[in-house]
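Containing CSV, C-alpha atoms: query.csv.
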```csv
chain,number,residue,atom,x,y,z
A,1,MET,CA,-3.4,-25.4,38.1
A,2,ALA,CA,0.3,-24.8,37.3
A,3,LYS,CA,-0.6,-24.4,33.6
A,4,LYS,CA,-3.0,-21.6,34.3
A,5,SER,CA,-0.4,-19.9,36.5
A,6,VAL,CA,2.1,-20.0,33.6
A,7,ARG,CA,-0.4,-18.5,31.2
A,8,ASN,CA,-1.3,-15.8,33.7
A,9,THR,CA,2.3,-14.8,34.3
A,10,ARG,CA,3.2,-14.8,30.7
A,11,GLY,CA,-0.1,-13.0,29.9
A,12,LYS,CA,0.6,-10.3,32.4
A,13,ILE,CA,4.0,-9.7,30.9
A,14,VAL,CA,2.6,-9.6,27.4
A,15,SER,CA,-0.2,-7.2,28.3
A,16,ALA,CA,2.1,-4.9,30.3
A,17,ALA,CA,4.6,-4.8,27.4
A,18,TRP,CA,2.0,-3.9,24.8
A,19,LYS,CA,0.4,-1.3,27.0
A,20,LEU,CA,3.8,0.4,27.5
A,21,PHE,CA,4.8,0.0,23.8
A,22,TYR,CA,1.6,1.8,22.9
A,23,GLU,CA,1.9,4.6,25.5
A,24,GLN,CA,5.6,5.4,25.2
A,25,GLY,CA,6.9,3.5,22.1
A,26,TYR,CA,8.8,0.3,21.7
A,27,GLU,CA,12.3,2.0,21.8
A,28,ASP,CA,11.5,3.9,25.0
A,29,THR,CA,10.2,0.9,26.9
A,30,THR,CA,12.6,-1.0,29.1
A,31,VAL,CA,12.4,-4.5,30.4
A,32,GLU,CA,12.4,-3.2,33.9
A,33,GLU,CA,9.3,-1.1,33.2
A,34,ILE,CA,7.5,-4.2,31.8
A,35,ILE,CA,8.5,-6.2,34.9
A,36,GLU,CA,7.2,-3.4,37.2
A,37,LEU,CA,3.9,-3.0,35.4
A,38,SER,CA,3.3,-6.7,35.1
A,39,LYS,CA,4.1,-7.2,38.8
A,40,THR,CA,6.3,-10.1,38.0
A,41,SER,CA,10.0,-10.8,38.5
A,42,LYS,CA,13.1,-10.5,36.3
A,43,GLY,CA,13.5,-14.3,36.5
A,44,SER,CA,9.9,-14.8,35.3
A,45,PHE,CA,10.4,-12.3,32.4
A,46,TYR,CA,13.6,-14.1,31.2
A,47,HIS,CA,12.0,-17.5,31.7
A,48,TYR,CA,9.5,-16.7,29.0
A,49,PHE,CA,11.4,-14.2,26.9
A,50,ASP,CA,15.0,-13.7,25.7
A,51,GLY,CA,14.5,-10.0,25.8
A,52,LYS,CA,12.2,-7.2,24.6
A,53,ASP,CA,12.5,-8.1,20.9
A,54,ALA,CA,11.0,-11.5,21.7
A,55,LEU,CA,7.8,-9.7,22.8
A,56,LEU,CA,7.1,-8.5,19.3
A,57,SER,CA,5.9,-11.8,18.1
A,58,THR,CA,3.4,-11.9,21.0
A,59,LEU,CA,1.0,-9.5,19.4
A,60,SER,CA,-0.9,-12.5,18.1
A,61,VAL,CA,-1.4,-13.6,21.8
A,62,LEU,CA,-3.0,-10.2,22.5
A,63,PHE,CA,-5.3,-10.7,19.5
A,64,ASP,CA,-6.2,-14.2,20.7
A,65,ASP,CA,-7.0,-12.8,24.2
A,66,LYS,CA,-9.4,-10.4,22.5
A,67,TYR,CA,-10.9,-13.3,20.6
A,68,GLU,CA,-11.3,-15.3,23.8
A,69,GLU,CA,-13.3,-12.4,25.2
A,70,LEU,CA,-15.4,-12.0,22.1
A,71,LYS,CA,-16.2,-15.7,21.9
A,72,THR,CA,-18.4,-15.3,25.0
A,73,GLN,CA,-20.1,-12.1,23.6
A,74,LEU,CA,-21.1,-13.3,20.2
A,75,ASP,CA,-24.8,-13.6,19.6
A,76,SER,CA,-25.4,-17.2,18.7
A,77,GLU,CA,-28.5,-16.1,16.7
A,78,LEU,CA,-26.4,-13.9,14.3
A,79,PRO,CA,-25.8,-15.3,10.8
A,80,ALA,CA,-22.2,-16.6,10.3
A,81,VAL,CA,-21.1,-13.7,8.0
A,82,GLU,CA,-22.4,-11.2,10.6
A,83,LYS,CA,-20.4,-13.0,13.3
A,84,LEU,CA,-17.2,-12.6,11.1
A,85,LEU,CA,-18.0,-8.9,10.6
A,86,GLN,CA,-18.5,-8.4,14.3
A,87,LEU,CA,-15.2,-10.1,15.2
A,88,ASN,CA,-13.3,-8.1,12.6
A,89,SER,CA,-14.9,-4.8,13.8
A,90,GLU,CA,-14.0,-5.5,17.4
A,91,LEU,CA,-10.5,-6.6,16.7
A,92,PHE,CA,-9.7,-3.8,14.3
A,93,GLY,CA,-11.2,-1.3,16.9
A,94,MET,CA,-8.8,-2.7,19.5
A,95,ILE,CA,-5.9,-2.4,17.1
A,96,GLU,CA,-6.7,1.2,16.3
A,97,ASN,CA,-7.1,2.2,19.9
A,98,SER,CA,-4.2,0.2,21.5
A,99,ILE,CA,-1.6,-0.9,19.0
A,100,SER,CA,0.6,1.7,17.3
A,101,ILE,CA,1.0,1.5,13.6
A,102,ASP,CA,4.8,1.3,14.0
A,103,LEU,CA,4.6,-1.8,16.2
A,104,LEU,CA,2.0,-3.5,13.9
A,105,ALA,CA,4.3,-2.8,10.9
A,106,ARG,CA,7.3,-4.1,12.8
A,107,LEU,CA,5.4,-7.3,13.7
A,108,LEU,CA,4.2,-7.8,10.1
A,109,SER,CA,7.8,-7.3,8.8
A,110,THR,CA,9.3,-9.6,11.4
A,111,GLN,CA,6.9,-12.3,10.3
A,112,LEU,CA,8.1,-11.9,6.7
A,113,VAL,CA,11.8,-12.4,7.5
A,114,THR,CA,11.7,-14.8,10.4
A,115,SER,CA,13.1,-18.2,9.9
A,116,GLY,CA,11.4,-19.3,13.1
A,117,GLU,CA,7.8,-19.7,14.0
A,118,LYS,CA,5.3,-17.4,12.1
A,119,HIS,CA,2.8,-16.8,14.9
A,120,LEU,CA,0.3,-15.1,12.6
A,121,LEU,CA,0.0,-18.4,10.7
A,122,ASP,CA,-0.3,-20.7,13.7
A,123,HIS,CA,-3.5,-22.6,13.1
A,124,ASN,CA,-3.6,-23.7,16.7
A,125,ARG,CA,-4.4,-20.1,17.7
A,126,THR,CA,-7.8,-19.2,19.1
A,127,TYR,CA,-8.3,-17.0,16.0
A,128,TYR,CA,-8.2,-19.9,13.6
A,129,LYS,CA,-10.2,-22.2,15.9
A,130,LEU,CA,-13.0,-19.6,16.2
A,131,LEU,CA,-13.0,-18.9,12.4
A,132,ARG,CA,-13.3,-22.6,11.7
A,133,LYS,CA,-16.1,-23.0,14.1
A,134,ILE,CA,-18.1,-20.1,12.8
A,135,ILE,CA,-17.6,-21.0,9.1
A,136,ALA,CA,-18.3,-24.8,9.7
A,137,GLN,CA,-21.5,-23.9,11.6
A,138,GLY,CA,-22.5,-21.5,8.8
A,139,GLN,CA,-22.1,-24.2,6.2
A,140,GLU,CA,-24.1,-26.6,8.4
A,141,ASP,CA,-26.9,-24.0,8.7
A,142,GLY,CA,-26.9,-23.2,5.0
A,143,GLN,CA,-25.7,-19.6,5.6
A,144,ILE,CA,-22.3,-20.2,4.0
A,145,GLY,CA,-21.7,-22.0,0.7
A,146,THR,CA,-20.0,-25.3,0.4
A,147,LYS,CA,-18.2,-24.8,-2.9
A,148,MET,CA,-15.0,-24.2,-0.8
A,149,SER,CA,-13.9,-26.1,2.2
A,150,VAL,CA,-13.9,-24.6,5.7
A,151,SER,CA,-10.0,-24.5,5.6
A,152,GLU,CA,-10.0,-22.6,2.3
A,153,MET,CA,-12.5,-20.0,3.6
A,154,VAL,CA,-10.5,-19.6,6.8
A,155,LYS,CA,-7.4,-19.0,4.8
A,156,LEU,CA,-9.1,-16.5,2.6
A,157,TYR,CA,-10.6,-14.6,5.5
A,158,ALA,CA,-7.3,-14.4,7.3
A,159,LEU,CA,-5.6,-13.3,4.1
A,160,CYS,CA,-8.1,-10.5,3.7
A,161,GLU,CA,-7.6,-9.3,7.3
A,162,ARG,CA,-3.8,-9.4,6.9
A,163,ALA,CA,-4.1,-7.4,3.6
A,164,LEU,CA,-6.2,-4.8,5.3
A,165,LEU,CA,-3.7,-4.5,8.2
A,166,TYR,CA,-0.8,-4.3,5.8
A,167,ASP,CA,-2.4,-1.6,3.7
A,168,TRP,CA,-3.3,0.4,6.8
A,169,CYS,CA,0.3,0.3,8.0
A,170,LEU,CA,1.6,1.0,4.5
A,171,CYS,CA,-0.6,4.1,4.3
A,172,GLY,CA,0.5,5.2,7.7
A,173,GLY,CA,-3.0,5.0,9.2
A,174,GLU,CA,-4.3,7.8,7.0
A,175,TYR,CA,-7.8,6.3,7.2
A,176,PRO,CA,-9.8,4.7,10.0
A,177,LEU,CA,-9.0,0.9,9.9
A,178,ARG,CA,-12.3,-0.3,11.5
A,179,GLN,CA,-14.5,1.9,9.3
A,180,TYR,CA,-12.6,1.0,6.1
A,181,SER,CA,-12.8,-2.7,6.9
A,182,ALA,CA,-16.5,-2.4,7.5
A,183,SER,CA,-17.0,-1.0,4.0
A,184,VAL,CA,-14.7,-3.5,2.3
A,185,LEU,CA,-15.2,-6.8,4.1
A,186,PRO,CA,-19.0,-7.3,3.4
A,187,SER,CA,-18.2,-7.4,-0.4
A,188,PHE,CA,-15.4,-9.9,0.2
A,189,LEU,CA,-17.6,-12.1,2.4
A,190,SER,CA,-20.4,-12.1,-0.2
A,191,GLY,CA,-18.2,-14.7,-1.9
A,192,PHE,CA,-18.8,-17.0,1.0
A,193,LEU,CA,-22.6,-17.0,0.6
A,194,PRO,CA,-24.4,-19.9,-0.9
A,195,GLU,CA,-25.1,-19.7,-4.6
A,196,LYS,CA,-28.7,-18.9,-5.5
```

Translate the structure described by the file into structure tokens.
Amino acid sequence: MAKKSVRNTRGKIVSAAWKLFYEQGYEDTTVEEIIELSKTSKGSFYHYFDGKDALLSTLSVLFDDKYEELKTQLDSELPAVEKLLQLNSELFGMIENSISIDLLARLLSTQLVTSGEKHLLDHNRTYYKLLRKIIAQGQEDGQIGTKMSVSEMVKLYALCERALLYDWCLCGGEYPLRQYSASVLPSFLSGFLPEK
């Protein structure tokens, strides 16, 4: 029970922070506002985070919360590639509608220069577990080829998503992320299909 309470408190802080970052910008958001919106205490905040900068790396937590939600909504009858496309569409839609490009760019850049943990590459995240499950099941059902291992395919898929996010940030969001991904990702995923 204590573990769930810890996740809930930390999760409330993360959710509140990213909501405020999106609405008023990172620079204009204070720790006090995050504490107030999350309905937690200053002690709780500093128990989990050294300061506001430490929250930047938690964007992957927000993404994984979305994946946890999507796990229960996926149609089990959908082919594996369609599941991957649906996950991407939902996540990229969330990013477009609730994460500012500046914050996403800041996260991507911090992951490049950090000497600490690279949260986006943490294979214990829900994101990677869900991708492994979908791709492994797709291989088992003959919907996805077996020329590459599950791990190789997961790595390639994650690489493609990061490339799309990076390009969107680099271009300053001049095109709709979700729509562009929907036009590009199917071609990329065709390489996952079994050879005929």

Kindly assemble as a Markdown table a list of the range 18-103 of chain A residues that lie within 8 Å of range 118-132 of chain A, each paired with its nearest atom pair and their distance in Å to one decimal, using only C-alpha atoms, sorted first by chain and then by ascending residue number.
```
| residue | atom | partner | partner_atom | distance |
| --- | --- | --- | --- | --- |
| A:Ser57 | CA | A:His119 | CA | 6.7 |
| A:Thr58 | CA | A:His119 | CA | 7.8 |
| A:Ser60 | CA | A:Leu120 | CA | 6.2 |
| A:Phe63 | CA | A:Tyr127 | CA | 7.8 |
| A:Asp64 | CA | A:Thr126 | CA | 5.5 |
| A:Tyr67 | CA | A:Tyr127 | CA | 6.5 |
| A:Glu68 | CA | A:Thr126 | CA | 7.0 |
| A:Lys71 | CA | A:Leu130 | CA | 7.6 |
| A:Leu84 | CA | A:Leu131 | CA | 7.7 |
```

Tell me which protein, DNA and RNA residues are within 12 Å of Asp167 in chain A, counting all atoms listed in the file, leaving out same-chain ones fewer than 4 positions away, and put them as an NGL selection string. :A and (101 or 104-105 or 108 or 160-163 or 171-177 or 180-181)

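Nearest residue to Tyr166 in chain A, choosing from A:Leu107, A:Arg10, A:Gln24, A:Leu85 and counting only C-alpha atoms: A:Leu107.
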
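Closest approach to Asp75 in chain A from the set A:Ile134, A:Leu164, A:Leu91, A:Ile144 is made by A:Ile134, with distances taken over only C-alpha atoms.
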
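For the pair CA of Gln137 in chain A and CA of Met153 in chain A, the interatomic distance is 12.7 Å.
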
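Taking only C-alpha atoms into account, Leu193 in chain A lies nearest to A:Gln143 out of the set A:Thr72, A:Ser44, A:Gln179, A:Gln143.
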
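Picture a line from CA of Glu36 in chain A to CA of Val61 in chain A; it runs 20.4 Å.
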
Please return the centre and edge lengths, in Å to one decimal, of a box with edges along x, y and z that contains all listed atoms of range 14-23 of chain A, widened by 5 Å on every side, as AutoDock Vina command-line options.
```
--center_x 2.3 --center_y -2.5 --center_z 26.6 --size_x 15.0 --size_y 24.2 --size_z 17.4
```

Do you know which residues are at most 10 Å from Phe21 in chain A counting all atoms listed in the file, after dropping those on the same chain fewer than 4 positions away, and could you put them as a tab-separated table (two decimals) with C-alpha atoms, in the frame of the given file?
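Just written: result.tsv:
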```tsv
chain	number	residue	atom	x	y	z
A	15	SER	CA	-0.20	-7.20	28.30
A	16	ALA	CA	2.10	-4.90	30.30
A	17	ALA	CA	4.60	-4.80	27.40
A	25	GLY	CA	6.90	3.50	22.10
A	26	TYR	CA	8.80	0.30	21.70
A	27	GLU	CA	12.30	2.00	21.80
A	28	ASP	CA	11.50	3.90	25.00
A	29	THR	CA	10.20	0.90	26.90
A	30	THR	CA	12.60	-1.00	29.10
A	34	ILE	CA	7.50	-4.20	31.80
A	56	LEU	CA	7.10	-8.50	19.30
A	98	SER	CA	-4.20	0.20	21.50
A	99	ILE	CA	-1.60	-0.90	19.00
A	100	SER	CA	0.60	1.70	17.30
A	102	ASP	CA	4.80	1.30	14.00
A	103	LEU	CA	4.60	-1.80	16.20
```
